[in-house]
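Chemist: Could you have a look at this structure, given as structure tokens, before my questions?
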Amino acid sequence: MPHSVSLISTIAVGLGLSLILGFVAVRLRLPALVGYLVTGMIVGPFTPGFVADAEIASQLAEIGIMLLMFGVGLHFSFADLMAVRRLALPGAVVQMTVATLMGMGLAWAWGWALGPALMLGLALSVASTVVLLRALESFGLTDSFTGRVAIGWLVVEDLAMVLVLVLLPPLAGVLGGPAQAEAAAGSASLLGTLGLTLLRVGAFVAVMLVLGRRLFPWLLKQVHRTGSRELFTLCVVAGAVSIAYASAALFGVSFALGAFFAGMVMRESEFSHQAAEESLPLRDAFAVLFFVSVGMLFDPQVLIDRPLQVLGVVLVIMLGKTVAAALLVVALGQTLSTALRIAASLAQIGEFSFILVGLGRTLGLLPAEGQSLVVAGALISIALNPLLFGASGPLCAWLCRHSALARRLESAG
């Protein structure tokens, strides 16, 4: 053909092969997303045959994350967020700190320096938006107390990672990065950078809660009055993507966080339920492309070259984070079953980890093997997370049958 069809071929092959392998995975009683991840491996650069455009796949996946978080925001009010703040805020902060320290300890055991060890620890500390929401949706827990806490926890993690991504360049020289990384930060002090970031995030939240809560529901109502379903769907999708993009461009917050707040303010509209239904097919399709893009990053050679290191990373993500989060939730006064479900939903890593790894490579703070280990940990944890989440209920029942302490924790929440 006379012009490039990279976008078309990436979508066609990605969705088509995902359908086939997702169907096979379900017939084998595995989560469908395992098939999507395998699709990414097949069309990725590390296997022979057709190679999809990784940059295009990544951007399509980002759209999926925006639409998914927008849909969550449509069912999650600011009051819901405030209601779980006493659990989500300290839980997320402490859990991220513990997971970062575990990752750093693992890296120090391998002989890594402070900077690379910190980058690995941070990358292992933050959960994937898409995987967490998929797990909650598949078990019908999105609107439950457990779901609201997990989503609030996720919002806190996203805000924390926004700060981390802004503060890393000024700290690169101190952490062992090349001298030019420190120079690139300019003359602004670390305190000034932190203050500016907090000011921008605060301004974004204020604009969305003060102006957005009036403007966007009004706009949705005007479009609905036209009677055109096509325009209504376009308004919903354009609103989600445009607000997410503007929030990143103007205020420096993540696309996912911007889309989430866009959904929260549109929830004030009487047509929010219809908006959620109209955007559902697009959310599902683009979410599939997210998993495909993750699979494309995976180099199977790392399993042969560094099997013990991969195992260590997976254990930190799926065991260390799970135990730490469960203990924190129980300590904050919740039941054992709630603690296990919240902890299981967070036992994976995803999109923010990849962004952090990319920045670490750019600043010279993370070796190439670190990127491979993080991607391997993400792929394995994403594939196993639905199984772990599904096992949280039976595990709680088993513990209560065999442990008096577990029964007390379950009844004391």
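Each chain of the structure tokens is named A, B, ... in the order shown, its residues numbered from 1; ligands are numbered from 1 in display order.
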Excluding Met119 of chain A and any residue of its chain fewer than 4 positions from it, enumerate the residues within 9 Å of it, using only C-alpha atoms, and give them as an MDAnalysis selection string.
Modeler: chainID A and resid 100 103:104 114:115 123:124 356:357 360 365:366 370
Chemist: Would you output that residue set with N, CA and C atoms, as a PDB file, in the first residue's frame?
Modeler:
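The resulting file, again-v4.pdb, is shown below:
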ATOM      1  N   THR A 100       9.001  -0.498  48.736  1.00  0.00           N
ATOM      2  CA  THR A 100      10.234   0.113  48.219  1.00  0.00           C
ATOM      3  C   THR A 100      11.448  -0.400  48.984  1.00  0.00           C
ATOM      4  N   GLY A 103      12.223  -3.963  47.905  1.00  0.00           N
ATOM      5  CA  GLY A 103      12.889  -3.983  46.608  1.00  0.00           C
ATOM      6  C   GLY A 103      14.328  -3.517  46.697  1.00  0.00           C
ATOM      7  N   MET A 104      14.562  -2.487  47.508  1.00  0.00           N
ATOM      8  CA  MET A 104      15.928  -2.003  47.702  1.00  0.00           C
ATOM      9  C   MET A 104      16.797  -3.061  48.376  1.00  0.00           C
ATOM     10  N   LEU A 114      22.926   2.546  45.560  1.00  0.00           N
ATOM     11  CA  LEU A 114      21.725   3.152  46.136  1.00  0.00           C
ATOM     12  C   LEU A 114      20.716   3.574  45.066  1.00  0.00           C
ATOM     13  N   GLY A 115      21.182   4.304  44.041  1.00  0.00           N
ATOM     14  CA  GLY A 115      20.266   4.817  43.020  1.00  0.00           C
ATOM     15  C   GLY A 115      19.493   3.719  42.306  1.00  0.00           C
ATOM     16  N   ALA A 123       9.678   1.027  41.622  1.00  0.00           N
ATOM     17  CA  ALA A 123       8.953   0.394  40.512  1.00  0.00           C
ATOM     18  C   ALA A 123       8.107  -0.779  40.996  1.00  0.00           C
ATOM     19  N   LEU A 124       8.544  -1.451  42.056  1.00  0.00           N
ATOM     20  CA  LEU A 124       7.802  -2.604  42.573  1.00  0.00           C
ATOM     21  C   LEU A 124       6.719  -2.205  43.575  1.00  0.00           C
ATOM     22  N   LEU A 356       8.356   4.743  35.299  1.00  0.00           N
ATOM     23  CA  LEU A 356       9.460   4.964  36.225  1.00  0.00           C
ATOM     24  C   LEU A 356      10.748   4.327  35.713  1.00  0.00           C
ATOM     25  N   VAL A 357      10.631   3.123  35.176  1.00  0.00           N
ATOM     26  CA  VAL A 357      11.799   2.438  34.615  1.00  0.00           C
ATOM     27  C   VAL A 357      12.371   3.220  33.440  1.00  0.00           C
ATOM     28  N   GLY A 360      14.215   6.122  34.792  1.00  0.00           N
ATOM     29  CA  GLY A 360      15.450   5.659  35.407  1.00  0.00           C
ATOM     30  C   GLY A 360      16.526   5.361  34.395  1.00  0.00           C
ATOM     31  N   LEU A 365      20.061   5.856  36.052  1.00  0.00           N
ATOM     32  CA  LEU A 365      19.922   5.331  37.406  1.00  0.00           C
ATOM     33  C   LEU A 365      19.539   3.857  37.451  1.00  0.00           C
ATOM     34  N   LEU A 366      19.258   3.268  36.299  1.00  0.00           N
ATOM     35  CA  LEU A 366      18.810   1.877  36.290  1.00  0.00           C
ATOM     36  C   LEU A 366      19.489   1.134  35.151  1.00  0.00           C
ATOM     37  N   GLY A 370      17.723  -4.164  35.013  1.00  0.00           N
ATOM     38  CA  GLY A 370      16.652  -3.723  35.894  1.00  0.00           C
ATOM     39  C   GLY A 370      15.344  -3.593  35.143  1.00  0.00           C
TER      40      GLY A 370
END
Chemist: What are the closest atom pairs, with distances in Å to one decimal, for all residues of segment 284-359 of chain A lying within 12 Å of segment 64-86 of chain A? Consider only C-alpha atoms, order rows by chain and residue number, and present the result as JSON lines.
Modeler:
{"residue": "A:Asp284", "atom": "CA", "partner": "A:Gly64", "partner_atom": "CA", "distance": 7.6}
{"residue": "A:Ala285", "atom": "CA", "partner": "A:Gly64", "partner_atom": "CA", "distance": 7.6}
{"residue": "A:Phe286", "atom": "CA", "partner": "A:Gly64", "partner_atom": "CA", "distance": 4.2}
{"residue": "A:Ala287", "atom": "CA", "partner": "A:Gly64", "partner_atom": "CA", "distance": 4.8}
{"residue": "A:Val288", "atom": "CA", "partner": "A:Gly64", "partner_atom": "CA", "distance": 8.1}
{"residue": "A:Leu289", "atom": "CA", "partner": "A:Gly64", "partner_atom": "CA", "distance": 7.4}
{"residue": "A:Phe290", "atom": "CA", "partner": "A:Gly64", "partner_atom": "CA", "distance": 6.7}
{"residue": "A:Phe291", "atom": "CA", "partner": "A:Gly64", "partner_atom": "CA", "distance": 10.1}
{"residue": "A:Val292", "atom": "CA", "partner": "A:Gly64", "partner_atom": "CA", "distance": 11.6}
{"residue": "A:Ser293", "atom": "CA", "partner": "A:Gly64", "partner_atom": "CA", "distance": 11.2}
{"residue": "A:Leu328", "atom": "CA", "partner": "A:Arg86", "partner_atom": "CA", "distance": 11.9}
{"residue": "A:Val329", "atom": "CA", "partner": "A:Arg86", "partner_atom": "CA", "distance": 10.6}
{"residue": "A:Leu332", "atom": "CA", "partner": "A:Arg86", "partner_atom": "CA", "distance": 8.5}
{"residue": "A:Gly333", "atom": "CA", "partner": "A:Arg86", "partner_atom": "CA", "distance": 10.5}
{"residue": "A:Gln334", "atom": "CA", "partner": "A:Arg86", "partner_atom": "CA", "distance": 11.5}
{"residue": "A:Gly350", "atom": "CA", "partner": "A:Ile65", "partner_atom": "CA", "distance": 11.1}
{"residue": "A:Glu351", "atom": "CA", "partner": "A:Ile65", "partner_atom": "CA", "distance": 9.0}
{"residue": "A:Phe352", "atom": "CA", "partner": "A:Ile65", "partner_atom": "CA", "distance": 11.2}
Chemist: Please report as CSV every residue of segment 92-183 of chain A lying within 12 Å of segment 28-48 of chain A, along with the nearest atom pair and their distance in Å (one decimal), using only C-alpha atoms.
Modeler:
residue,atom,partner,partner_atom,distance
A:Val130,CA,A:Leu33,CA,10.9
A:Val131,CA,A:Leu33,CA,9.3
A:Arg134,CA,A:Leu33,CA,9.5
A:Ala135,CA,A:Pro31,CA,10.2
A:Ser138,CA,A:Pro31,CA,10.1
Chemist: If I take atom CA of Pro281 of chain A and atom CA of Arg225 of chain A, how far is one from the other in Å, to one decimal?
Modeler: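 Interatomic distance here is 23.0 Å.
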Chemist: I'd like the neighbourhood of Trp218 of chain A as a list in words, where a residue qualifies if any of its atoms comes within 10 Å (using only C-alpha atoms), though same-chain residues fewer than 6 positions away should be ignored.
Modeler: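 Final neighbour list, sorted by chain and number: Gly212, His224, Met266, Glu268, Ser269 and Glu270 of chain A.
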